[in-house]
file upload-v3.cif (mmCIF, C-alpha atoms)
data_work
#
loop_
_atom_site.label_atom_id
_atom_site.label_comp_id
_atom_site.auth_asym_id
_atom_site.auth_seq_id
_atom_site.Cartn_x
_atom_site.Cartn_y
_atom_site.Cartn_z
CA MET A 834 -36.70 -11.43 8.73
CA SER A 835 -33.37 -10.35 7.25
CA ASP A 836 -31.09 -8.20 9.36
CA ASN A 837 -29.17 -5.53 7.54
CA PRO A 838 -27.54 -3.34 10.24
CA LYS A 839 -26.07 -0.09 9.19
CA GLY A 840 -22.95 1.38 10.70
CA ASN A 841 -21.86 -1.91 12.30
CA PRO A 842 -18.88 -3.31 10.37
CA LEU A 843 -18.68 -6.42 12.53
CA ARG A 844 -22.25 -7.36 11.83
CA ARG A 845 -21.77 -6.82 8.11
CA PHE A 846 -18.68 -8.97 8.11
CA LEU A 847 -20.39 -11.83 9.99
CA ARG A 848 -23.34 -11.72 7.54
CA TRP A 849 -21.01 -11.87 4.58
CA ILE A 850 -19.30 -14.96 6.03
CA ILE A 851 -22.64 -16.74 6.67
CA GLU A 852 -23.89 -15.96 3.14
CA PHE A 853 -20.61 -17.03 1.59
CA ARG A 854 -20.67 -20.40 3.35
CA GLY A 855 -24.40 -20.86 2.65
CA ARG A 856 -23.99 -20.29 -1.12
CA ARG A 857 -21.10 -22.77 -1.33
CA LYS A 858 -23.02 -25.44 0.51
CA SER A 859 -25.13 -27.96 -1.47
CA TYR A 860 -28.78 -28.60 -0.55
CA ALA A 861 -31.27 -31.26 -1.57
CA ARG A 862 -33.92 -29.98 -3.96
CA PRO A 863 -37.60 -30.25 -2.98
CA ASP A 864 -39.34 -33.44 -4.10
CA PHE A 865 -42.42 -32.22 -5.99
CA THR A 866 -44.59 -34.73 -7.85
CA GLU A 867 -47.98 -34.66 -9.61
CA THR A 868 -49.70 -35.52 -6.36
CA LYS A 869 -47.28 -33.71 -4.04
CA LEU A 870 -47.50 -29.94 -3.85
CA ILE A 871 -45.57 -29.38 -0.53
CA ASP A 872 -42.14 -30.80 0.31
CA ASP A 873 -41.40 -32.50 3.61
CA PRO A 874 -40.41 -30.16 6.47
CA ARG A 875 -36.67 -29.52 7.04
CA GLU A 876 -35.39 -28.52 10.48
CA PHE A 877 -32.57 -26.03 10.99
CA LYS A 878 -31.08 -24.05 13.90
CA ILE A 879 -30.69 -20.30 13.96
CA GLY A 880 -27.85 -19.01 16.17
CA PHE A 881 -26.97 -15.62 17.52
CA PHE A 882 -25.42 -14.50 14.24
CA GLY A 883 -28.38 -15.59 11.98
CA PHE A 884 -28.82 -18.29 9.29
CA TYR A 885 -28.59 -18.67 5.52
CA LEU A 886 -31.78 -20.23 3.99
CA PRO A 887 -31.44 -21.54 0.42
CA LEU A 888 -34.33 -20.84 -2.05
CA PHE A 889 -35.00 -22.87 -5.21
CA PRO A 890 -36.52 -21.71 -8.54
CA ASN A 891 -40.34 -21.89 -8.84
CA ALA A 892 -40.66 -22.57 -5.12
CA SER A 893 -41.61 -20.61 -2.05
CA ALA A 894 -40.30 -21.21 1.54
CA VAL A 895 -42.51 -21.16 4.64
CA VAL A 896 -40.54 -20.92 7.90
CA ILE A 897 -42.28 -22.32 10.99
CA SER A 898 -41.07 -21.64 14.55
CA ASN A 899 -41.42 -23.95 17.54
CA GLN A 900 -44.38 -21.89 18.70
CA GLY A 901 -46.16 -22.48 15.35
CA GLU A 902 -45.58 -19.06 13.90
CA ARG A 903 -45.35 -19.18 10.11
CA ARG A 904 -43.92 -16.71 7.69
CA VAL A 905 -42.90 -16.70 4.00
CA SER A 906 -39.20 -16.25 3.42
CA ASN A 907 -37.48 -14.99 0.28
CA GLY A 908 -34.42 -17.05 1.19
CA GLY A 909 -30.86 -15.91 1.79
CA TYR A 910 -29.61 -14.49 5.09
CA ILE A 911 -32.28 -14.39 7.80
CA LYS A 912 -32.00 -13.10 11.38
CA LEU A 913 -34.52 -14.58 13.79
CA PRO A 914 -34.45 -15.29 17.50
CA SER A 915 -32.19 -18.20 18.28
CA GLY A 916 -33.93 -21.57 18.29
CA ILE A 917 -35.05 -24.60 16.28
CA TYR A 918 -37.08 -23.87 13.14
CA SER A 919 -38.43 -25.85 10.21
CA VAL A 920 -38.88 -24.82 6.59
CA VAL A 921 -41.44 -26.14 4.09
CA TYR A 922 -41.05 -25.57 0.35
CA VAL A 923 -44.19 -25.06 -1.76
CA ASP A 924 -44.38 -25.66 -5.55
CA MET A 925 -45.25 -22.42 -7.37
CA ARG A 926 -45.30 -23.78 -10.95
CA ASP A 927 -48.37 -24.00 -13.22
CA ARG A 928 -49.88 -27.45 -12.91
CA TYR A 929 -52.30 -29.46 -15.11
CA GLU A 930 -54.48 -32.37 -14.01
CA GLU A 931 -57.22 -34.54 -15.51
CA LEU A 932 -59.79 -35.29 -12.85
CA PRO A 933 -61.93 -38.44 -12.64
CA LYS A 934 -65.42 -38.27 -14.10
CA VAL A 935 -68.12 -36.81 -11.89
CA GLU A 936 -71.64 -38.31 -11.92
CA GLU A 937 -74.66 -36.37 -10.73
CA LYS A 938 -78.42 -36.24 -11.24
CA THR A 939 -79.78 -33.55 -13.54
CA ALA A 940 -82.75 -31.33 -12.90
CA ASP A 941 -85.06 -33.84 -14.61
CA GLY A 942 -83.74 -36.80 -12.59
CA ALA A 943 -81.31 -38.37 -15.08
CA PHE A 944 -77.73 -39.27 -14.16
CA ILE A 945 -74.93 -37.99 -16.38
CA ALA A 946 -71.12 -37.92 -16.07
CA ILE A 947 -68.68 -35.13 -16.97
CA THR A 948 -64.90 -35.38 -17.11
CA ILE A 949 -62.87 -32.16 -16.76
CA SER A 950 -59.27 -30.98 -16.66
CA ILE A 951 -57.91 -28.09 -14.58
CA THR A 952 -54.90 -25.79 -14.89
CA TYR A 953 -53.86 -23.92 -11.70
CA ARG A 954 -51.01 -22.51 -9.63
CA VAL A 955 -50.44 -21.61 -5.94
CA SER A 956 -51.08 -17.99 -5.11
CA ASN A 957 -50.86 -18.12 -1.28
CA PRO A 958 -48.17 -20.48 0.11
CA LEU A 959 -49.29 -19.91 3.73
CA GLU A 960 -52.85 -21.06 2.92
CA VAL A 961 -51.56 -24.09 1.04
CA GLN A 962 -49.19 -25.05 3.88
CA ASN A 963 -51.95 -24.56 6.44
CA THR A 964 -54.33 -26.92 4.52
CA VAL A 965 -54.19 -30.64 5.08
CA ASN A 966 -53.70 -32.31 1.66
CA PRO A 967 -54.41 -29.19 -0.43
CA LEU A 968 -54.63 -31.09 -3.75
CA GLU A 969 -57.34 -33.37 -2.42
CA ALA A 970 -59.20 -30.32 -1.19
CA LEU A 971 -58.92 -28.73 -4.65
CA HIS A 972 -60.27 -31.90 -6.27
CA LYS A 973 -63.24 -31.95 -3.92
CA ILE A 974 -63.97 -28.30 -4.72
CA CYS A 975 -63.91 -29.11 -8.45
CA ASP A 976 -66.19 -32.13 -8.01
CA ALA A 977 -68.66 -30.03 -6.04
CA ALA A 978 -68.68 -27.35 -8.74
CA VAL A 979 -69.29 -29.92 -11.49
CA LYS A 980 -72.14 -31.54 -9.57
CA LYS A 981 -73.73 -28.16 -8.96
CA ILE A 982 -73.66 -27.32 -12.66
CA ILE A 983 -75.06 -30.73 -13.63
CA HIS A 984 -77.92 -30.36 -11.17
CA ARG A 985 -78.71 -26.94 -12.64
CA TYR A 986 -79.63 -28.20 -16.11
CA GLN A 987 -81.67 -30.97 -17.72
CA HIS A 988 -80.33 -34.07 -19.42
CA ASP A 989 -80.98 -32.92 -23.00
CA GLN A 990 -79.38 -29.53 -22.37
CA ILE A 991 -76.03 -31.10 -21.45
CA ILE A 992 -76.05 -34.32 -23.47
CA GLY A 993 -78.45 -33.64 -26.35
CA ASP A 994 -79.89 -36.47 -28.42
CA GLU A 995 -79.13 -38.37 -31.59
CA ASN A 996 -80.10 -35.63 -34.03
CA THR A 997 -79.38 -32.39 -32.12
CA PRO A 998 -76.20 -31.24 -30.37
CA PRO A 999 -76.18 -30.17 -26.70
CA VAL A 1000 -77.76 -26.83 -25.93
CA ILE A 1001 -74.85 -25.81 -23.66
CA SER A 1002 -71.46 -25.64 -25.37
CA ASP A 1003 -68.19 -26.81 -23.80
CA SER A 1004 -66.91 -23.28 -23.34
CA THR A 1005 -70.07 -22.16 -21.50
CA LEU A 1006 -70.04 -25.24 -19.29
CA ALA A 1007 -66.30 -24.80 -18.49
CA ASN A 1008 -66.73 -21.11 -17.63
CA GLU A 1009 -69.58 -21.84 -15.22
CA ILE A 1010 -67.61 -24.62 -13.48
CA SER A 1011 -64.53 -22.34 -13.22
CA GLN A 1012 -66.66 -19.57 -11.71
CA GLU A 1013 -68.06 -21.96 -9.11
CA ILE A 1014 -64.52 -23.06 -8.14
CA SER A 1015 -63.30 -19.46 -7.78
CA ASN A 1016 -66.27 -18.53 -5.56
CA ASN A 1017 -65.36 -21.21 -3.01
CA ARG A 1018 -63.41 -19.67 -0.09
CA ALA A 1019 -61.46 -22.84 0.41
CA CYS A 1020 -59.86 -22.29 -3.01
CA LYS A 1021 -58.31 -18.90 -2.18
CA ALA A 1022 -54.85 -20.47 -2.08
CA PHE A 1023 -54.94 -21.10 -5.83
CA SER A 1024 -55.24 -18.78 -8.80
CA GLN A 1025 -55.78 -19.03 -12.55
CA VAL A 1026 -58.01 -22.08 -12.26
CA ASN A 1027 -58.99 -22.90 -15.85
CA VAL A 1028 -61.39 -25.74 -16.65
CA GLY A 1029 -61.61 -27.86 -19.80
CA ILE A 1030 -64.43 -30.29 -20.72
CA LEU A 1031 -62.98 -33.66 -21.76
CA ASN A 1032 -66.08 -35.84 -22.03
CA ARG A 1033 -69.82 -35.99 -21.44
CA ALA A 1034 -71.77 -39.20 -20.91
CA GLY A 1035 -75.53 -39.50 -20.58
CA ASN A 1036 -77.66 -41.92 -18.65
CA TYR A 1037 -77.35 -45.31 -20.33
CA GLU A 1038 -80.91 -46.27 -19.52
CA ILE A 1039 -82.29 -43.04 -20.89
CA MET A 1040 -80.08 -43.26 -23.96
CA ALA A 1041 -81.14 -46.86 -24.54
CA GLU A 1042 -84.79 -45.93 -24.06
CA ARG A 1043 -84.48 -43.03 -26.46
CA GLN A 1044 -82.73 -45.28 -28.94
CA LYS A 1045 -85.69 -47.64 -28.72
CA VAL A 1046 -88.05 -44.72 -29.25
CA VAL A 1047 -86.09 -43.60 -32.30
CA LEU A 1048 -86.04 -47.14 -33.73
CA GLN A 1049 -89.76 -47.55 -33.07
CA LYS A 1050 -90.38 -44.20 -34.74
CA HIS A 1051 -88.40 -45.29 -37.80
CA LYS A 1052 -90.27 -48.59 -37.84
CA ASN A 1053 -93.66 -46.88 -37.60
CA GLU A 1054 -92.67 -44.49 -40.37
CA SER A 1055 -91.56 -47.39 -42.56
CA GLU A 1056 -94.81 -49.27 -41.88
CA ARG A 1057 -96.82 -46.14 -42.62
CA LYS A 1058 -95.02 -45.69 -45.94
CA ASP A 1059 -95.58 -49.37 -46.79
CA THR A 1060 -99.28 -49.04 -45.97
CA ILE A 1061 -99.60 -45.93 -48.13
CA GLN A 1062 -97.73 -47.67 -50.95
CA LYS A 1063 -99.96 -50.74 -50.76
CA LYS A 1064 -103.07 -48.57 -50.71
CA GLN A 1065 -101.89 -46.63 -53.75
CA THR A 1066 -101.05 -49.90 -55.54
CA ALA A 1067 -104.50 -51.30 -54.77
CA GLU A 1068 -106.16 -48.10 -56.03
CA GLU A 1069 -104.11 -48.22 -59.23
CA LYS A 1070 -105.09 -51.86 -59.76
CA ASN A 1071 -108.77 -50.97 -59.28
CA VAL A 1072 -108.51 -48.13 -61.78
CA LEU A 1073 -106.72 -50.40 -64.26
CA SER A 1074 -109.37 -53.09 -63.81
CA LYS A 1075 -112.10 -50.54 -64.47
CA ILE A 1076 -110.33 -49.33 -67.62
CA ILE A 1077 -109.92 -52.92 -68.86
CA ALA A 1078 -113.56 -53.71 -68.10
CA GLU A 1079 -114.73 -50.58 -69.94
CA GLY A 1080 -112.51 -51.45 -72.90
CA ASP A 1081 -113.87 -54.99 -73.03
CA ALA A 1082 -117.42 -53.63 -72.91
CA ASP A 1083 -116.67 -51.22 -75.78
CA ILE A 1084 -115.14 -54.01 -77.86
CA LYS A 1085 -118.14 -56.27 -77.25
CA ASP A 1086 -120.48 -53.42 -78.16
CA LEU A 1087 -118.62 -52.72 -81.40
CA TRP A 1088 -118.58 -56.40 -82.28
CA ALA A 1089 -122.32 -56.68 -81.67
CA LYS A 1090 -122.97 -53.61 -83.85
CA LEU A 1091 -120.77 -55.05 -86.61
CA LYS A 1092 -122.56 -58.38 -86.42
CA VAL A 1093 -125.95 -56.64 -86.60
CA ARG A 1094 -124.70 -54.64 -89.58
CA HIS A 1095 -123.74 -57.81 -91.44
CA GLU A 1096 -127.11 -59.36 -90.68
CA VAL A 1097 -129.07 -56.28 -91.70
CA LEU A 1098 -127.34 -56.07 -95.10
CA SER A 1099 -130.13 -57.07 -97.56
CA LEU A 1100 -129.97 -59.21 -100.67
CA SER A 1101 -130.95 -56.25 -102.85
CA GLU A 1102 -127.91 -54.35 -101.71
CA VAL A 1103 -125.70 -57.34 -102.56
CA THR A 1104 -127.26 -57.56 -106.03
CA GLN A 1105 -126.79 -53.82 -106.54
CA LEU A 1106 -123.11 -54.14 -105.62
CA LYS A 1107 -122.64 -56.98 -108.12
CA ASN A 1108 -124.27 -54.95 -110.89
CA ASP A 1109 -122.06 -51.97 -110.12
CA LEU A 1110 -118.99 -54.19 -110.33
CA GLU A 1111 -120.06 -55.65 -113.65
CA ASN A 1112 -120.72 -52.20 -115.11
CA ARG A 1113 -117.27 -51.08 -113.99
CA ARG A 1114 -115.75 -54.06 -115.77
CA LYS A 1115 -117.48 -53.03 -119.02
CA GLN A 1116 -116.02 -49.54 -118.93
CA PRO A 1117 -113.13 -48.72 -121.38
CA GLU A 1118 -110.48 -48.70 -118.68
CA TYR A 1119 -111.35 -52.32 -117.87
CA GLN A 1120 -111.29 -53.54 -121.59
CA GLN A 1121 -107.54 -53.51 -122.09
CA GLU A 1122 -107.46 -57.28 -122.79
CA ILE A 1123 -109.89 -56.90 -125.70
CA TYR A 1124 -107.79 -54.13 -127.27
CA LEU A 1125 -104.61 -56.13 -126.83
CA ALA A 1126 -106.16 -59.15 -128.59
CA GLN A 1127 -107.25 -56.96 -131.54
CA LEU A 1128 -103.79 -55.41 -131.76
CA ASP A 1129 -102.19 -58.85 -131.84
CA ALA A 1130 -104.48 -59.92 -134.70
CA THR A 1131 -103.73 -56.74 -136.67
CA LYS A 1132 -100.00 -57.21 -136.11
CA HIS A 1133 -100.21 -60.74 -137.50
CA GLU A 1134 -102.03 -59.52 -140.61
CA LEU A 1135 -99.44 -56.73 -141.09
CA ASP A 1136 -96.61 -59.25 -140.91
CA THR A 1137 -98.35 -61.32 -143.59
CA LEU A 1138 -98.77 -58.18 -145.76
CA ILE A 1139 -95.08 -57.30 -145.47
CA GLN A 1140 -94.09 -60.75 -146.68
CA ALA A 1141 -96.47 -60.50 -149.60
CA LEU A 1142 -95.16 -57.10 -150.58
CA ALA A 1143 -91.63 -58.37 -150.44
CA GLN A 1144 -92.49 -61.18 -152.89
CA ILE A 1145 -94.38 -58.87 -155.23
CA SER A 1146 -91.56 -56.36 -155.35
CA LEU A 1147 -89.37 -59.03 -156.87
CA THR A 1148 -91.62 -59.21 -159.95
CA ASN A 1149 -91.28 -55.42 -160.55
CA ASN A 1150 -94.16 -55.13 -162.99
CA ALA A 1151 -97.37 -53.11 -163.16
CA ALA A 1152 -99.55 -55.99 -162.18
CA GLY A 1153 -97.61 -56.50 -158.98
CA GLN A 1154 -97.89 -52.83 -158.05
CA ARG A 1155 -101.65 -52.89 -158.59
CA ILE A 1156 -101.94 -55.93 -156.34
CA ALA A 1157 -99.90 -54.22 -153.60
CA GLU A 1158 -102.07 -51.07 -153.75
CA THR A 1159 -105.21 -53.22 -153.53
CA ILE A 1160 -103.88 -55.12 -150.50
CA SER A 1161 -102.90 -51.86 -148.74
CA SER A 1162 -106.33 -50.27 -149.19
CA HIS A 1163 -107.96 -53.47 -148.02
CA MET A 1164 -105.82 -53.55 -144.83
CA VAL A 1165 -106.55 -49.90 -144.04
CA GLY A 1166 -110.24 -50.55 -144.24
CA LYS A 1167 -109.94 -53.58 -142.00
CA VAL A 1168 -108.01 -51.68 -139.34
CA SER A 1169 -110.73 -49.01 -139.42
CA GLU A 1170 -113.33 -51.67 -138.83
CA ASN A 1171 -111.42 -53.12 -135.83
CA HIS A 1172 -110.94 -49.65 -134.25
CA PRO A 1173 -114.18 -47.75 -134.68
CA THR A 1174 -113.29 -45.27 -131.93
CA GLN A 1175 -110.59 -43.68 -134.04
CA SER A 1176 -111.66 -40.39 -135.55
CA ALA A 1177 -112.22 -40.25 -139.29
CA PRO A 1178 -109.55 -38.51 -141.34
CA GLU A 1179 -110.22 -34.88 -142.19
CA PRO A 1180 -111.31 -34.29 -145.77
CA ALA A 1181 -108.58 -33.05 -148.06
CA PRO A 1182 -108.77 -29.42 -149.04
CA GLU A 1183 -110.43 -28.63 -152.31
CA SER A 1184 -107.95 -28.25 -155.09
CA GLU A 1185 -108.21 -26.07 -158.11
CA PRO A 1186 -110.23 -27.49 -160.96
CA GLY A 1187 -108.11 -29.50 -163.24
CA PRO A 1188 -108.23 -32.59 -165.22
CA LYS A 1189 -110.36 -35.22 -163.66
CA PRO A 1190 -108.56 -38.33 -162.51
CA GLN A 1191 -108.97 -41.36 -164.65
CA PRO A 1192 -111.06 -44.10 -163.06
CA ALA A 1193 -109.11 -47.04 -161.84
CA GLU A 1194 -109.11 -50.01 -163.93
CA PRO A 1195 -111.13 -52.86 -162.55
CA GLU A 1196 -109.31 -55.59 -160.91
CA SER A 1197 -108.54 -58.52 -163.01
CA ASP A 1198 -109.68 -61.87 -161.94
CA GLN A 1199 -106.05 -62.90 -161.38
CA ASP A 1200 -105.39 -59.97 -159.02
CA SER A 1201 -108.59 -60.57 -156.99
CA MET A 1202 -107.74 -64.21 -156.58
CA PHE A 1203 -104.25 -63.37 -155.34
CA VAL A 1204 -105.59 -60.90 -152.73
CA HIS A 1205 -108.04 -63.43 -151.39
CA LEU A 1206 -105.29 -65.97 -151.12
CA MET A 1207 -103.02 -63.57 -149.20
CA ILE A 1208 -105.75 -62.09 -146.98
CA PRO A 1209 -108.55 -64.46 -146.22
CA LYS A 1210 -112.08 -63.20 -145.76
CA LYS A 1211 -113.36 -62.42 -142.33
CA LYS A 1212 -115.65 -65.05 -140.97
CA LYS A 1213 -119.19 -63.89 -140.31
#

call {"tool": "encode", "arguments": {"input": "upload-v3.cif", "output": "structure tokens"}}
result
Amino acid sequence: MSDNPKGNPLRRFLRWIIEFRGRRKSYARPDFTETKLIDDPREFKIGFFGFYLPLFPNASAVVISNQGERRVSNGGYIKLPSGIYSVVYVDMRDRYEELPKVEEKTADGAFIAITISITYRVSNPLEVQNTVNPLEALHKICDAAVKKIIHRYQHDQIIGDENTPPVISDSTLANEISQEISNNRACKAFSQVNVGILNRAGNYEIMAERQKVVLQKHKNESERKDTIQKKQTAEEKNVLSKIIAEGDADIKDLWAKLKVRHEVLSLSEVTQLKNDLENRRKQPEYQQEIYLAQLDATKHELDTLIQALAQISLTNNAAGQRIAETISSHMVGKVSENHPTQSAPEPAPESEPGPKPQPAEPESDQDSMFVHLMIPKKKK
């Protein structure tokens, strides 16, 4: 489209003038929006000497002749046959869109909805300019791809249930949808179509029905556990009742045996037990009270003797000494009589022959009377 003649200075000069004026002239930028991919057509006239076509960043220009011929221009100086032309600018930037949710029936007859996002750019401006409403066409291609993928799988594979995640991951689902979009011939004008999964929604009726099933399952499980618990409690009560009944029977049996034992015990056995008890009481270890009484009596007599000896010692004569010796020998003999269990004193060893002891003088009547006064005779 550009004319670059060689060896023609006049042509080169005219081109330089047209380019110089074209660069200094201001032009309205294309009006691209989220829903507008192609700018409105702009008419211009090409004369004998050519025309300067401005080109904007991230945009491509499609020049259309009156006969409908279309060609992509790189902008700048162009040399075409004289006439009226129009130019259409196409947006070449990367674009991102979130599409509305798509509902479709799965392979098992349940309706689900998937929401996706797409990232794309124009790869063929002529195809885009030749398509009526290219963005709407792209959206329809994406919807068709999503519906095809939904119809390929079952409800649980895409949505899952309460306890298990979906079988198909987001990345797998996005790759399959992107592949379906790229295989459509009507989408050859675009490139780098990337798909992202934003949301998945299952069939509300199926989800509600499954929720009811899950709740009923939990309820049945709870009732089953309650039934098992009640059964175990009843069995434990029965076992406890049996144990109590057996214990009561054993107690009654023991009580009956004890009662029979008491009744069978004869009078002779009771008499024998009494005799045994009486014999035990007569044994030495049970006669401590008798010994204590005898010791008290002996102590009283010894106290009386000590007083008598004290009085006699005051006289300090031979008669008093004889009385004291007589009282002492009399007390020793009395103690021996009260305690017959004491062993007799060992006989004194035989001494060498010597003079025989003189026989004791007989007691005088005065001494005998004094002893009987101090120590009364034992009552028979």

call {"tool": "closest_atom_pairs", "arguments": {"input": "upload-v3.cif", "of": "segment 847-944 of chain A", "to": "segment 953-961 of chain A", "cutoff": "8 Å", "atoms": "all atoms listed in the file", "output": "CSV"}}
result
residue,atom,partner,partner_atom,distance
A:Ser893,CA,A:Pro958,CA,6.9
A:Val895,CA,A:Leu959,CA,7.0
A:Arg903,CA,A:Leu959,CA,7.5
A:Arg904,CA,A:Leu959,CA,7.4
A:Val905,CA,A:Leu959,CA,7.2
A:Val923,CA,A:Pro958,CA,6.3
A:Asp924,CA,A:Val955,CA,7.3
A:Met925,CA,A:Val955,CA,5.4
A:Arg926,CA,A:Arg954,CA,6.0
A:Asp927,CA,A:Arg954,CA,4.7
A:Arg928,CA,A:Tyr953,CA,5.5
A:Tyr929,CA,A:Tyr953,CA,6.7

call {"tool": "resolve_selection", "arguments": {"input": "upload-v3.cif", "expression": "the PyMOL selection byres ((chain A and resi 897-899) around 12)", "output": "ChimeraX atom specification"}}
result
/A:874-879,894-896,900-906,913-922,959,962-963

call {"tool": "resolve_selection", "arguments": {"input": "upload-v3.cif", "expression": "the PyMOL selection byres ((chain A and resi 863) around 9)", "output": "VMD selection string"}}
result
chain A and resid 861 to 862 864 to 865 871 to 873 889 892 922 to 924

call {"tool": "atom_distance", "arguments": {"input": "upload-v3.cif", "atom1": "atom CA of Val965 of chain A", "atom2": "atom CA of Glu1013 of chain A"}}
result
21.7 Å

call {"tool": "closest_residue", "arguments": {"input": "upload-v3.cif", "among": "A:Tyr860, A:Cys1020, A:Ile1001, A:Glu1069", "to": "Lys973 of chain A", "atoms": "all atoms listed in the file"}}
result
A:Cys1020

call {"tool": "atom_distance", "arguments": {"input": "upload-v3.cif", "atom1": "atom CA of Leu932 of chain A", "atom2": "atom CA of Val1000 of chain A"}}
result
23.8 Å

call {"tool": "resolve_selection", "arguments": {"input": "upload-v3.cif", "expression": "the PyMOL selection byres ((chain A and resi 1017) around 12)", "output": "number ranges by chain"}}
result
A: 970-971, 973-975, 977-978, 1010-1016, 1018-1024, 1026

call {"tool": "atom_distance", "arguments": {"input": "upload-v3.cif", "atom1": "atom CA of Ala1034 of chain A", "atom2": "atom CA of Ile991 of chain A"}}
result
9.2 Å

call {"tool": "closest_residue", "arguments": {"input": "upload-v3.cif", "among": "A:Asp1136, A:Ile992, A:Tyr885, A:Ala1089", "to": "Asn1032 of chain A", "atoms": "all atoms listed in the file"}}
result
A:Ile992

call {"tool": "decode", "arguments": {"input": "upload-v3.cif", "residues": "segment 867-879 of chain A", "atoms": "C-alpha atoms", "output": "CSV table (one decimal), in the first residue's frame"}}
result
chain,number,residue,atom,x,y,z
A,867,GLU,CA,-15.2,-3.1,27.6
A,868,THR,CA,-18.0,-3.9,25.2
A,869,LYS,CA,-16.6,-2.2,22.2
A,870,LEU,CA,-13.7,-3.9,20.3
A,871,ILE,CA,-14.0,-2.0,17.0
A,872,ASP,CA,-14.1,1.8,16.6
A,873,ASP,CA,-16.6,3.5,14.3
A,874,PRO,CA,-15.5,3.8,10.6
A,875,ARG,CA,-13.8,7.0,9.5
A,876,GLU,CA,-14.0,8.2,5.9
A,877,PHE,CA,-11.0,9.8,4.1
A,878,LYS,CA,-10.1,10.7,0.5
A,879,ILE,CA,-7.0,9.6,-1.2
